[in-house]
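> Here it is: the structure, laid out below.
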Amino acid sequence: MKPLREAFYRRNTAVVAFELIGKTLLFERDGIVLSGRIVETEAYFGADDPASHAYRGVTPRNEVMFGRAGRSYVYFTYGNHHCLNIVTEEEGVAGAVLIRSLEPLRGISEMQKRRKRMHIHELASGPGKVTEALGITREHSGWNLTEKPFYVTEPEGAREEWLHIRATSRIGISRAKTVPFRFYVQGNSCVSKR
DNA sequence: TGAATGATCACG
DNA sequence: GTGATCATTCAT
């Protein structure tokens, strides 16, 4: 399967966040393919979104959010965890989709090793777990996700889960708590817990 | 130079 | 419910 192209990401962030549900995220490293179905995302905008890192303009950390769509934005938070985003919108406009949860597909034993957990629903059911399962750190920020080895594709088969996608407020933020910019597959055990 | 904060997780 | 743990940001 071919990677999703830059034009997919160069659109409204909430639309991209919604449409990324059900797609497959892949990272091929050291001859091992790690992949999962995206089952939970959140949209973060720019100047009009007080919960976004880009709310107050460009900083050294967030500058990739203002750059070209389809790039990774990885940041370190709470002294322990990394979070993976994919940049959206036209160049010069801030936006990114936080990848909150994956349903593991390939490379499960490698994810179990990295996470020190066995159960499928513990491997990538939260943004910090996603990056730990795939071994993603700030070194992987700014990568071009429209080409291998780190990319997103259409799922195998039909995208049936669109019927079951829910939208709610975003998790873990202190501002803009009401807008429904979180999307997830209802009933999927790999979605993060409330 | 310092203090506050944080798009989290695991454990009890 | 709470502690861990530190990079980032903004104010001083």
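Just so we're on the same page: first chain in the structure tokens is A, next is B, and so on; residues restart at 1 for each chain, and ligands are numbered from 1 in the order they show up.
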Would you mind listing, for every residue of chain C within 9 Å of chain B, the two atoms forming the shortest contact and the distance between them in Å to one decimal, using only C-alpha atoms (C1' of nucleotides), sorted by chain and ascending residue number, as a tab-separated table?


residue	atom	partner	partner_atom	distance
C:DG1	C1'	B:DG12	C1'	8.8
C:DT9	C1'	B:DT5	C1'	8.9
C:DA11	C1'	B:DA3	C1'	8.9
C:DT12	C1'	B:DG2	C1'	8.2

> Run DSSP on the backbone and grab whatever in region 38-154 of chain A lands in helix (DSSP H, G or I); send it over as a list in words.

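Filtering region 38-154 of chain A to helix (DSSP H, G or I) leaves Glu63, Val64, Met65, Phe66, Ile108, Ser109, Glu110, Met111, Gln112, Lys113, Arg114, Arg115, Ile120, His121, Glu122, Pro127, Gly128, Lys129, Val130, Thr131, Glu132, Ala133, Leu134, Arg138, Glu139 and His140 of chain A.
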
> Quick check, in Å to one decimal: how far apart do CA of Thr24 (chain A) and CA of Thr77 (chain A) lie?

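Here the two named atoms are 25.0 Å from each other.
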
> When you get a sec, could you note down which chain C residues fall within 9 Å of chain A, using only C-alpha atoms (C1' of nucleotides), as a PyMOL selection string?

chain C and resi 4-9

> Taking the chain letters and numbering used in this document, name the residues of region 32-136 of chain A that DSSP puts in strand (DSSP E), as a ChimeraX atom specification.

/A:32-44,72-77,81-87,96-106

> Taking only C-alpha atoms (C1' of nucleotides) into account, which of A:Gly70, A:Pro104, A:Gly128, A:Pro180 comes nearest chain B?

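Among the listed residues, the smallest separation from chain B belongs to A:Gly128.
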
> With only C-alpha atoms (C1' of nucleotides) as the basis for distance, which of A:Glu42, A:Asp48, A:Glu89, A:Glu156 is at the shortest distance from chain B?

A:Glu42

> What residues in chain A have any atom no more than 9 Å from chain B when counting only C-alpha atoms (C1' of nucleotides), and can you write them as an NGL selection string?

:A and (42 or 44 or 51-53 or 77-78 or 80-83 or 98 or 126-129 or 170-173)

> Go ahead and save the picked residues with C-alpha atoms, as a PDB file, in the first residue's frame.


ATOM      1  CA  GLU A  42      -7.310  14.613  18.443  1.00  0.00           C
ATOM      2  CA  TYR A  44      -5.082  20.792  17.520  1.00  0.00           C
ATOM      3  CA  ALA A  51      -5.250  24.152  24.108  1.00  0.00           C
ATOM      4  CA  SER A  52      -2.723  23.972  21.277  1.00  0.00           C
ATOM      5  CA  HIS A  53       1.045  24.304  21.593  1.00  0.00           C
ATOM      6  CA  THR A  77       5.936  15.881  28.162  1.00  0.00           C
ATOM      7  CA  TYR A  78       5.407  15.236  31.863  1.00  0.00           C
ATOM      8  CA  ASN A  80       8.336  10.857  30.952  1.00  0.00           C
ATOM      9  CA  HIS A  81       6.425  10.604  27.730  1.00  0.00           C
ATOM     10  CA  HIS A  82       6.546  11.435  24.051  1.00  0.00           C
ATOM     11  CA  CYS A  83       3.508  12.243  21.911  1.00  0.00           C
ATOM     12  CA  LEU A  98      -2.356  13.820  17.889  1.00  0.00           C
ATOM     13  CA  GLY A 126      -2.787   6.179  24.830  1.00  0.00           C
ATOM     14  CA  PRO A 127      -0.459   8.737  23.233  1.00  0.00           C
ATOM     15  CA  GLY A 128       2.521   7.950  25.471  1.00  0.00           C
ATOM     16  CA  LYS A 129       2.012   4.236  24.899  1.00  0.00           C
ATOM     17  CA  ARG A 170     -10.181  16.401  24.116  1.00  0.00           C
ATOM     18  CA  ILE A 171      -8.422  14.713  27.035  1.00  0.00           C
ATOM     19  CA  GLY A 172      -5.841  16.105  29.457  1.00  0.00           C
ATOM     20  CA  ILE A 173      -6.187  19.780  28.574  1.00  0.00           C
TER      21      ILE A 173
END

> List the spatial neighbours of region 131-143 of chain A as a ChimeraX atom specification - criterion: any atom at most 7 Å away, only C-alpha atoms (C1' of nucleotides), same-chain residues fewer than 3 positions off excluded.

/A:34,64,71-75,82-84,111,114-115,123-124,127-128

> Write the residues of the selection above to a file with N, CA and C atoms, as a PDB file, in the first residue's frame.


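Saved file out03.pdb follows:
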ATOM      1  N   LEU A  34       6.515  -2.346  12.309  1.00  0.00           N
ATOM      2  CA  LEU A  34       5.603  -2.085  13.415  1.00  0.00           C
ATOM      3  C   LEU A  34       4.415  -1.335  12.833  1.00  0.00           C
ATOM      4  N   VAL A  64       7.513  23.039  13.733  1.00  0.00           N
ATOM      5  CA  VAL A  64       7.122  22.100  12.680  1.00  0.00           C
ATOM      6  C   VAL A  64       5.613  22.123  12.445  1.00  0.00           C
ATOM      7  N   ARG A  71       4.185  15.999   7.960  1.00  0.00           N
ATOM      8  CA  ARG A  71       5.412  15.783   8.748  1.00  0.00           C
ATOM      9  C   ARG A  71       5.027  15.377  10.166  1.00  0.00           C
ATOM     10  N   SER A  72       5.952  14.699  10.850  1.00  0.00           N
ATOM     11  CA  SER A  72       5.712  14.332  12.238  1.00  0.00           C
ATOM     12  C   SER A  72       6.040  15.504  13.153  1.00  0.00           C
ATOM     13  N   TYR A  73       5.292  15.614  14.239  1.00  0.00           N
ATOM     14  CA  TYR A  73       5.616  16.552  15.314  1.00  0.00           C
ATOM     15  C   TYR A  73       5.619  15.722  16.598  1.00  0.00           C
ATOM     16  N   VAL A  74       6.796  15.508  17.163  1.00  0.00           N
ATOM     17  CA  VAL A  74       6.926  14.706  18.376  1.00  0.00           C
ATOM     18  C   VAL A  74       7.456  15.599  19.486  1.00  0.00           C
ATOM     19  N   TYR A  75       6.791  15.574  20.634  1.00  0.00           N
ATOM     20  CA  TYR A  75       7.265  16.357  21.773  1.00  0.00           C
ATOM     21  C   TYR A  75       7.318  15.475  23.017  1.00  0.00           C
ATOM     22  N   HIS A  82       6.558  10.759  25.347  1.00  0.00           N
ATOM     23  CA  HIS A  82       6.546  11.435  24.051  1.00  0.00           C
ATOM     24  C   HIS A  82       5.148  11.310  23.451  1.00  0.00           C
ATOM     25  N   CYS A  83       4.774  12.305  22.630  1.00  0.00           N
ATOM     26  CA  CYS A  83       3.508  12.243  21.911  1.00  0.00           C
ATOM     27  C   CYS A  83       3.764  12.484  20.431  1.00  0.00           C
ATOM     28  N   LEU A  84       3.070  11.707  19.604  1.00  0.00           N
ATOM     29  CA  LEU A  84       3.220  11.789  18.149  1.00  0.00           C
ATOM     30  C   LEU A  84       2.042  12.511  17.511  1.00  0.00           C
ATOM     31  N   MET A 111       6.498  -4.748  20.074  1.00  0.00           N
ATOM     32  CA  MET A 111       5.798  -3.764  20.905  1.00  0.00           C
ATOM     33  C   MET A 111       5.696  -4.260  22.349  1.00  0.00           C
ATOM     34  N   ARG A 114       9.023  -3.594  23.981  1.00  0.00           N
ATOM     35  CA  ARG A 114       9.258  -2.183  24.274  1.00  0.00           C
ATOM     36  C   ARG A 114       8.362  -1.693  25.423  1.00  0.00           C
ATOM     37  N   ARG A 115       7.135  -2.171  25.457  1.00  0.00           N
ATOM     38  CA  ARG A 115       6.172  -1.700  26.455  1.00  0.00           C
ATOM     39  C   ARG A 115       6.257  -2.454  27.771  1.00  0.00           C
ATOM     40  N   LEU A 123      -0.840  -2.067  24.779  1.00  0.00           N
ATOM     41  CA  LEU A 123       0.375  -1.734  24.016  1.00  0.00           C
ATOM     42  C   LEU A 123       0.394  -0.297  23.510  1.00  0.00           C
ATOM     43  N   ALA A 124      -0.739   0.186  23.028  1.00  0.00           N
ATOM     44  CA  ALA A 124      -0.734   1.514  22.389  1.00  0.00           C
ATOM     45  C   ALA A 124      -2.040   2.252  22.632  1.00  0.00           C
ATOM     46  N   PRO A 127      -1.502   8.109  24.057  1.00  0.00           N
ATOM     47  CA  PRO A 127      -0.459   8.737  23.233  1.00  0.00           C
ATOM     48  C   PRO A 127       0.963   8.405  23.669  1.00  0.00           C
ATOM     49  N   GLY A 128       1.191   8.312  24.999  1.00  0.00           N
ATOM     50  CA  GLY A 128       2.521   7.950  25.471  1.00  0.00           C
ATOM     51  C   GLY A 128       2.849   6.487  25.200  1.00  0.00           C
TER      52      GLY A 128
END

> Just to confirm, what's the straight-line distance from CA of Leu20 (chain A) to CA of Thr41 (chain A) in Å (one decimal)?

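So the two atoms, CA of Leu20 (chain A) and CA of Thr41 (chain A), lie 7.6 Å apart.
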
> CA of Asn62 (chain A) and CA of Asn85 (chain A), how far apart in Å?

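Distance reported for this atom pair: 11.0 Å.
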
> Name the residues in contact with Leu105 (chain A) at a cut-off of 7 Å, using only C-alpha atoms (C1' of nucleotides), excluding same-chain residues fewer than 5 positions from it; report them as a VMD selection string.

chain A and resid 35 to 37

> Give me a file of those residues, with N, CA and C atoms, as a compact mmCIF listing (two decimals), in the first residue's frame.


# COMPACT_ATOMS: atom_id res chain seq x y z
N SER A 35 3.21 -1.83 13.07
CA SER A 35 2.06 -1.13 12.51
C SER A 35 0.83 -1.28 13.39
N GLY A 36 -0.10 -0.39 13.18
CA GLY A 36 -1.35 -0.44 13.94
C GLY A 36 -2.42 0.36 13.25
N ARG A 37 -3.65 0.01 13.58
CA ARG A 37 -4.79 0.75 13.07
C ARG A 37 -5.03 1.94 13.99
